$ cat upload_38.txt   # compact mmCIF, C-alpha atoms and all ligand atoms
# COMPACT_ATOMS: atom_id res chain seq x y z
CA MET A 690 86.71 85.34 59.61
CA THR A 691 84.07 86.45 57.09
CA GLU A 692 82.01 83.98 55.07
CA SER A 693 82.88 85.69 51.79
CA SER A 694 84.29 82.64 50.04
CA PRO A 695 81.92 80.74 47.77
CA ALA A 696 80.65 77.40 49.07
CA SER A 697 82.45 75.65 46.24
CA SER A 698 85.78 76.67 47.73
CA ARG A 699 85.07 74.71 50.90
CA ARG A 700 86.62 71.27 50.93
CA GLY A 701 87.90 68.61 53.23
CA LEU A 702 91.63 68.60 53.90
CA ILE A 703 94.18 65.95 54.72
CA LEU A 704 96.57 67.17 57.40
CA ILE A 705 99.61 65.53 58.95
CA ASN A 706 101.28 66.46 62.24
CA THR A 707 104.65 64.74 62.35
CA GLY A 708 108.25 65.25 63.54
CA PRO A 709 110.16 64.64 66.75
CA GLY A 710 108.95 67.64 68.77
CA LYS A 711 106.02 67.66 71.18
CA GLY A 712 102.61 68.79 69.98
CA LYS A 713 101.41 66.41 67.28
CA THR A 714 98.46 64.98 69.16
CA THR A 715 97.67 68.13 71.09
CA ALA A 716 97.58 70.22 67.89
CA ALA A 717 95.09 67.71 66.46
CA LEU A 718 93.01 68.01 69.65
CA GLY A 719 93.10 71.79 69.31
CA THR A 720 91.83 71.56 65.75
CA ALA A 721 89.14 69.15 66.90
CA PHE A 722 88.07 71.65 69.58
CA ARG A 723 87.90 74.37 66.93
CA ALA A 724 85.87 72.15 64.59
CA ALA A 725 83.42 71.26 67.37
CA GLY A 726 82.78 74.95 67.94
CA ASN A 727 81.79 75.20 64.30
CA GLY A 728 79.13 72.54 64.81
CA MET A 729 81.21 69.82 63.19
CA ARG A 730 81.10 66.19 64.23
CA VAL A 731 84.51 64.95 65.37
CA LEU A 732 85.80 61.39 65.72
CA ILE A 733 89.28 60.78 67.13
CA LEU A 734 90.62 57.24 66.87
CA GLN A 735 93.82 56.65 68.80
CA PHE A 736 95.97 53.91 67.30
CA LEU A 737 98.20 51.93 69.73
CA LYS A 738 97.10 54.00 72.75
CA GLY A 739 95.24 52.31 75.56
CA SER A 740 97.13 51.97 78.82
CA TRP A 741 97.22 55.61 79.93
CA HIS A 742 94.10 57.53 80.84
CA TYR A 743 94.44 60.80 78.97
CA GLY A 744 92.56 63.90 80.12
CA GLU A 745 91.07 64.37 76.66
CA LEU A 746 89.00 61.20 77.12
CA ASP A 747 87.08 62.89 79.93
CA SER A 748 86.96 66.24 78.11
CA ALA A 749 85.33 64.46 75.16
CA LEU A 750 82.60 63.03 77.41
CA LYS A 751 81.71 66.59 78.43
CA MET A 752 81.49 67.67 74.78
CA GLY A 753 78.56 65.39 73.95
CA PRO A 754 77.87 62.75 71.29
CA ASP A 755 79.31 64.73 68.37
CA PHE A 756 82.82 64.63 69.84
CA VAL A 757 84.09 61.11 70.34
CA ILE A 758 87.55 59.79 71.27
CA LYS A 759 88.29 56.08 71.24
CA GLN A 760 91.48 54.33 72.27
CA MET A 761 92.08 51.45 69.88
CA GLY A 762 95.22 49.87 71.33
CA ARG A 763 96.72 48.79 74.63
CA GLY A 764 99.58 51.21 75.04
CA PHE A 765 102.69 49.13 74.86
CA VAL A 766 103.78 47.75 71.53
CA LYS A 767 106.73 45.47 71.01
CA VAL A 768 108.11 46.56 67.67
CA GLY A 769 110.53 45.17 65.14
CA GLY A 770 109.20 42.93 62.37
CA ALA A 771 108.76 39.32 63.49
CA GLU A 772 108.70 40.23 67.17
CA THR A 773 105.56 42.31 66.86
CA ASP A 774 102.80 40.72 68.92
CA PRO A 775 99.99 39.45 66.63
CA GLU A 776 97.51 40.81 69.17
CA ASP A 777 98.83 44.34 68.57
CA ILE A 778 98.63 43.87 64.81
CA LYS A 779 95.04 42.68 65.18
CA MET A 780 94.20 45.80 67.20
CA VAL A 781 95.74 48.02 64.52
CA GLU A 782 93.81 46.17 61.79
CA ASP A 783 90.56 46.60 63.73
CA ALA A 784 91.36 50.27 64.34
CA TRP A 785 92.04 50.80 60.66
CA ALA A 786 88.82 49.00 59.63
CA GLU A 787 86.84 51.31 61.92
CA ALA A 788 88.77 54.36 60.72
CA ALA A 789 88.18 53.56 57.04
CA ASP A 790 84.45 53.02 57.68
CA ALA A 791 84.23 56.27 59.63
CA ILE A 792 85.98 58.29 56.92
CA LEU A 793 83.99 56.79 54.05
CA SER A 794 80.63 56.97 55.88
CA GLY A 795 80.59 60.76 55.84
CA ASP A 796 79.09 60.60 59.35
CA TRP A 797 81.97 62.69 60.71
CA ASP A 798 83.22 66.08 59.51
CA LEU A 799 86.67 65.57 61.03
CA VAL A 800 88.36 62.24 61.64
CA VAL A 801 91.64 62.26 63.57
CA LEU A 802 93.86 59.20 63.15
CA ASP A 803 96.04 59.76 66.17
CA GLU A 804 99.41 57.96 66.20
CA ILE A 805 98.61 56.17 62.93
CA ASN A 806 102.05 57.15 61.60
CA TYR A 807 103.64 54.96 64.29
CA ALA A 808 101.47 51.98 63.29
CA ILE A 809 102.61 52.46 59.69
CA GLY A 810 106.24 53.02 60.72
CA TYR A 811 106.18 49.79 62.74
CA LYS A 812 104.91 47.98 59.62
CA MET A 813 101.65 47.10 61.32
CA LEU A 814 99.61 48.91 58.69
CA ASP A 815 100.06 49.30 54.92
CA PRO A 816 100.44 52.98 53.93
CA GLN A 817 99.01 52.16 50.50
CA ALA A 818 95.74 50.99 52.10
CA VAL A 819 95.55 54.26 54.03
CA ALA A 820 96.28 56.28 50.89
CA ASP A 821 93.58 54.41 48.93
CA VAL A 822 90.92 55.36 51.49
CA LEU A 823 92.11 58.97 51.75
CA ARG A 824 91.96 59.29 47.96
CA CYS A 825 88.28 58.35 47.84
CA LYS A 826 87.08 60.03 51.03
CA PRO A 827 83.93 62.15 50.81
CA GLU A 828 84.97 65.58 49.58
CA MET A 829 84.02 67.53 52.69
CA VAL A 830 85.57 65.23 55.27
CA HIS A 831 88.74 66.47 56.97
CA VAL A 832 91.32 63.91 58.16
CA ILE A 833 94.30 64.53 60.45
CA LEU A 834 97.06 61.94 60.83
CA THR A 835 99.57 62.19 63.68
CA GLY A 836 102.83 60.55 64.75
CA ARG A 837 106.51 60.74 63.96
CA ASN A 838 108.02 59.67 60.65
CA ALA A 839 104.98 60.15 58.46
CA HIS A 840 105.21 57.93 55.37
CA PRO A 841 106.31 59.78 52.18
CA LEU A 842 103.27 58.46 50.29
CA LEU A 843 100.93 60.12 52.80
CA ILE A 844 102.98 63.31 52.93
CA GLU A 845 102.62 63.50 49.16
CA LEU A 846 98.85 63.05 49.41
CA ALA A 847 98.28 65.52 52.26
CA ASP A 848 97.33 69.17 51.83
CA THR A 849 98.95 70.47 55.00
CA VAL A 850 101.94 68.87 56.68
CA THR A 851 103.51 70.23 59.84
CA GLU A 852 106.75 68.92 61.28
CA MET A 853 107.17 69.54 65.00
CA ARG A 854 110.79 70.36 65.73
CA GLU A 855 112.20 69.71 69.16
CA VAL A 856 113.98 72.75 70.54
CA LYS A 857 113.99 71.35 74.06
CA HIS A 858 111.78 69.06 76.12
CA ALA A 859 111.40 68.88 79.90
CA TYR A 860 112.04 65.12 79.70
CA GLN A 861 115.69 65.84 78.92
CA LYS A 862 116.03 67.42 82.37
CA GLY A 863 114.58 64.29 83.91
CA ILE A 864 111.13 65.86 84.39
CA LEU A 865 108.50 63.17 84.02
CA ALA A 866 105.23 63.49 82.11
CA GLN A 867 102.94 66.03 83.75
CA ARG A 868 99.17 65.68 84.19
CA GLY A 869 97.27 68.09 81.94
CA ILE A 870 100.30 68.67 79.71
CA GLU A 871 101.36 65.19 78.62
CA PHE A 872 98.29 63.16 79.58
P1 LIG B 901 101.52 65.47 72.68
O1 LIG B 901 100.51 64.35 72.91
O2 LIG B 901 102.00 66.03 73.97
O3 LIG B 901 101.04 66.48 71.69
P2 LIG B 901 103.04 64.23 70.60
O4 LIG B 901 101.78 63.71 70.07
O5 LIG B 901 103.78 65.24 69.78
O6 LIG B 901 102.82 64.78 72.07
P3 LIG B 901 104.00 61.50 70.76
O7 LIG B 901 105.07 61.00 69.88
O8 LIG B 901 102.62 61.05 70.52
O9 LIG B 901 104.10 63.08 70.86
O10 LIG B 901 104.44 61.12 72.22
C1 LIG B 901 103.57 61.33 73.29
C2 LIG B 901 104.32 61.55 74.58
O11 LIG B 901 105.71 61.72 74.40
C3 LIG B 901 103.85 62.81 75.27
O12 LIG B 901 103.83 62.56 76.64
C4 LIG B 901 104.88 63.84 74.93
O13 LIG B 901 105.07 64.86 75.89
C5 LIG B 901 106.11 62.99 74.85
N1 LIG B 901 107.03 63.60 73.91
C6 LIG B 901 106.75 64.17 72.75
N2 LIG B 901 107.85 64.68 72.16
C7 LIG B 901 108.87 64.39 73.01
C8 LIG B 901 110.27 64.65 73.00
N3 LIG B 901 110.83 65.30 71.98
N4 LIG B 901 111.00 64.20 74.04
C9 LIG B 901 110.44 63.54 75.06
N5 LIG B 901 109.12 63.27 75.14
C10 LIG B 901 108.34 63.69 74.13
MG MG B 902 100.92 61.88 69.90
$ encode --input "upload_38.txt" --output "structure tokens" --more "lines below"
Ligand code: ATP
Ligand code: MG
Amino acid sequence: MTESSPASSRRGLILINTGPGKGKTTAALGTAFRAAGNGMRVLILQFLKGSWHYGELDSALKMGPDFVIKQMGRGFVKVGGAETDPEDIKMVEDAWAEAADAILSGDWDLVVLDEINYAIGYKMLDPQAVADVLRCKPEMVHVILTGRNAHPLLIELADTVTEMREVKHAYQKGILAQRGIEF
């Protein structure tokens, strides 16, 4: 692509990858890979995740200090209002505190909030608090939010929203998660 557009037209975007089909996290990782190639600093914070060792954690280590992925959860979350484990809520609160700091600091060109839509959907995180931070983010910072059932407030705020539609998934044939594809 040519660099013909004036610098003033460059701006940070808010993107959401949502919907029931596969590809929300991996599309965000693809964008992160693209951003890194443009010399951008990338931080990926994974809400709720923690028990599985995903391949991207090791890929990130090979990318160097400007490409960081952190798991902020412990993998299994008991959901449903009062039954939610306070420990999981605490981990989401800590993840959000770190995410808000990272976005507002301007230290990162792209911040991915992976699976944050689930944390909001499970009522572990207030969508209004997320919207407040997104509204006052530094202009050039890009933010991607992933997970099913994105909150309407955040969809409204976002610039680009993609809904993954499930046409078919190997899981339906009883094929379990495959290394390199699912984790
Ligand atoms: P991926 O990380 O592969 O891009 P995702 O982010 O779109 O998937 P999540 O809701 O985060 O999906 O769920 C992660 C796991 O669930 C992955 O192992 C993924 O393959 C699997 N998964 C995603 N969509 C489906 C589906 N429609 N049916 C069954 N499993 C799915
Ligand atoms: Mg995902």
$ closest_residue --input "upload_38.txt" --among "A:Pro754, A:Gly701, A:Gly836, A:Gly739" --to "ligand LIG 901 (chain B)" --atoms "only C-alpha atoms and all ligand atoms"
A:Gly836
$ closest_residue --input "upload_38.txt" --among "A:Tyr860, A:Phe756, A:Trp785, A:Tyr807" --to "Ala724 in chain A" --atoms "only C-alpha atoms"
A:Phe756
$ closest_residue --input "upload_38.txt" --among "A:Ala808, A:Ile758, A:Val731, A:Cys825" --to "Asp777 in chain A" --atoms "all atoms listed in the file"
A:Ala808
$ closest_residue --input "upload_38.txt" --among "A:Arg868, A:Ile809, A:His742, A:Leu799" --to "Asn838 in chain A" --atoms "all atoms listed in the file"
A:Ile809
$ atom_distance --input "upload_38.txt" --atom1 "CA of Ser698 in chain A" --atom2 "CA of Ala788 in chain A"
26.0 Å
$ residues_near_ligand --input "upload_38.txt" --ligand "ligand LIG 901 (chain B)" --cutoff "9 Å" --atoms "all atoms listed in the file" --output "ChimeraX atom specification"
/A:706-718,803-804,807,835-837,853-861,865-867,870-872
$ atom_distance --input "upload_38.txt" --atom1 "CA of Asp798 in chain A" --atom2 "CA of Met829 in chain A"
7.0 Å
$ atom_distance --input "upload_38.txt" --atom1 "CA of Glu828 in chain A" --atom2 "CA of Arg700 in chain A"
6.1 Å
$ closest_residue --input "upload_38.txt" --among "A:Lys751, A:Ser794, A:Lys738, A:Gln817" --to "Met780 in chain A" --atoms "all atoms listed in the file"
A:Lys738
$ residues_around --input "upload_38.txt" --residues "Glu845 in chain A" --least-positions-apart "2" --cutoff "12 Å" --atoms "all atoms listed in the file" --output "PyMOL selection string"
chain A and resi 703-705+816-817+820+823-824+839-843+847-850
$ residues_near_point --input "upload_38.txt" --point "(87.4, 69.5, 66.8)" --cutoff "12 Å" --atoms "only C-alpha atoms" --output "PDB file with C-alpha atoms, in the coordinates of the input"
ATOM      1  CA  THR A 715      97.670  68.130  71.090  1.00  0.00           C
ATOM      2  CA  ALA A 716      97.580  70.220  67.890  1.00  0.00           C
ATOM      3  CA  ALA A 717      95.090  67.710  66.460  1.00  0.00           C
ATOM      4  CA  LEU A 718      93.010  68.010  69.650  1.00  0.00           C
ATOM      5  CA  GLY A 719      93.100  71.790  69.310  1.00  0.00           C
ATOM      6  CA  THR A 720      91.830  71.560  65.750  1.00  0.00           C
ATOM      7  CA  ALA A 721      89.140  69.150  66.900  1.00  0.00           C
ATOM      8  CA  PHE A 722      88.070  71.650  69.580  1.00  0.00           C
ATOM      9  CA  ARG A 723      87.900  74.370  66.930  1.00  0.00           C
ATOM     10  CA  ALA A 724      85.870  72.150  64.590  1.00  0.00           C
ATOM     11  CA  ALA A 725      83.420  71.260  67.370  1.00  0.00           C
ATOM     12  CA  GLY A 726      82.780  74.950  67.940  1.00  0.00           C
ATOM     13  CA  ASN A 727      81.790  75.200  64.300  1.00  0.00           C
ATOM     14  CA  GLY A 728      79.130  72.540  64.810  1.00  0.00           C
ATOM     15  CA  MET A 729      81.210  69.820  63.190  1.00  0.00           C
ATOM     16  CA  ARG A 730      81.100  66.190  64.230  1.00  0.00           C
ATOM     17  CA  VAL A 731      84.510  64.950  65.370  1.00  0.00           C
ATOM     18  CA  LEU A 732      85.800  61.390  65.720  1.00  0.00           C
ATOM     19  CA  ILE A 733      89.280  60.780  67.130  1.00  0.00           C
ATOM     20  CA  GLU A 745      91.070  64.370  76.660  1.00  0.00           C
ATOM     21  CA  SER A 748      86.960  66.240  78.110  1.00  0.00           C
ATOM     22  CA  ALA A 749      85.330  64.460  75.160  1.00  0.00           C
ATOM     23  CA  MET A 752      81.490  67.670  74.780  1.00  0.00           C
ATOM     24  CA  ASP A 755      79.310  64.730  68.370  1.00  0.00           C
ATOM     25  CA  PHE A 756      82.820  64.630  69.840  1.00  0.00           C
ATOM     26  CA  VAL A 757      84.090  61.110  70.340  1.00  0.00           C
ATOM     27  CA  ILE A 758      87.550  59.790  71.270  1.00  0.00           C
ATOM     28  CA  TRP A 797      81.970  62.690  60.710  1.00  0.00           C
ATOM     29  CA  ASP A 798      83.220  66.080  59.510  1.00  0.00           C
ATOM     30  CA  LEU A 799      86.670  65.570  61.030  1.00  0.00           C
ATOM     31  CA  VAL A 800      88.360  62.240  61.640  1.00  0.00           C
ATOM     32  CA  VAL A 801      91.640  62.260  63.570  1.00  0.00           C
ATOM     33  CA  HIS A 831      88.740  66.470  56.970  1.00  0.00           C
ATOM     34  CA  VAL A 832      91.320  63.910  58.160  1.00  0.00           C
ATOM     35  CA  ILE A 833      94.300  64.530  60.450  1.00  0.00           C
TER      36      ILE A 833
END
$ closest_residue --input "upload_38.txt" --among "A:Leu793, A:Ile805, A:Met813, A:Leu750" --to "ligand MG 902 (chain B)" --atoms "only C-alpha atoms and all ligand atoms"
A:Ile805
$ residues_around --input "upload_38.txt" --residues "Gly762 in chain A" --least-positions-apart "4" --cutoff "10 Å" --atoms "all atoms listed in the file" --output "PyMOL selection string"
chain A and resi 734-740+766+776-781+783-784
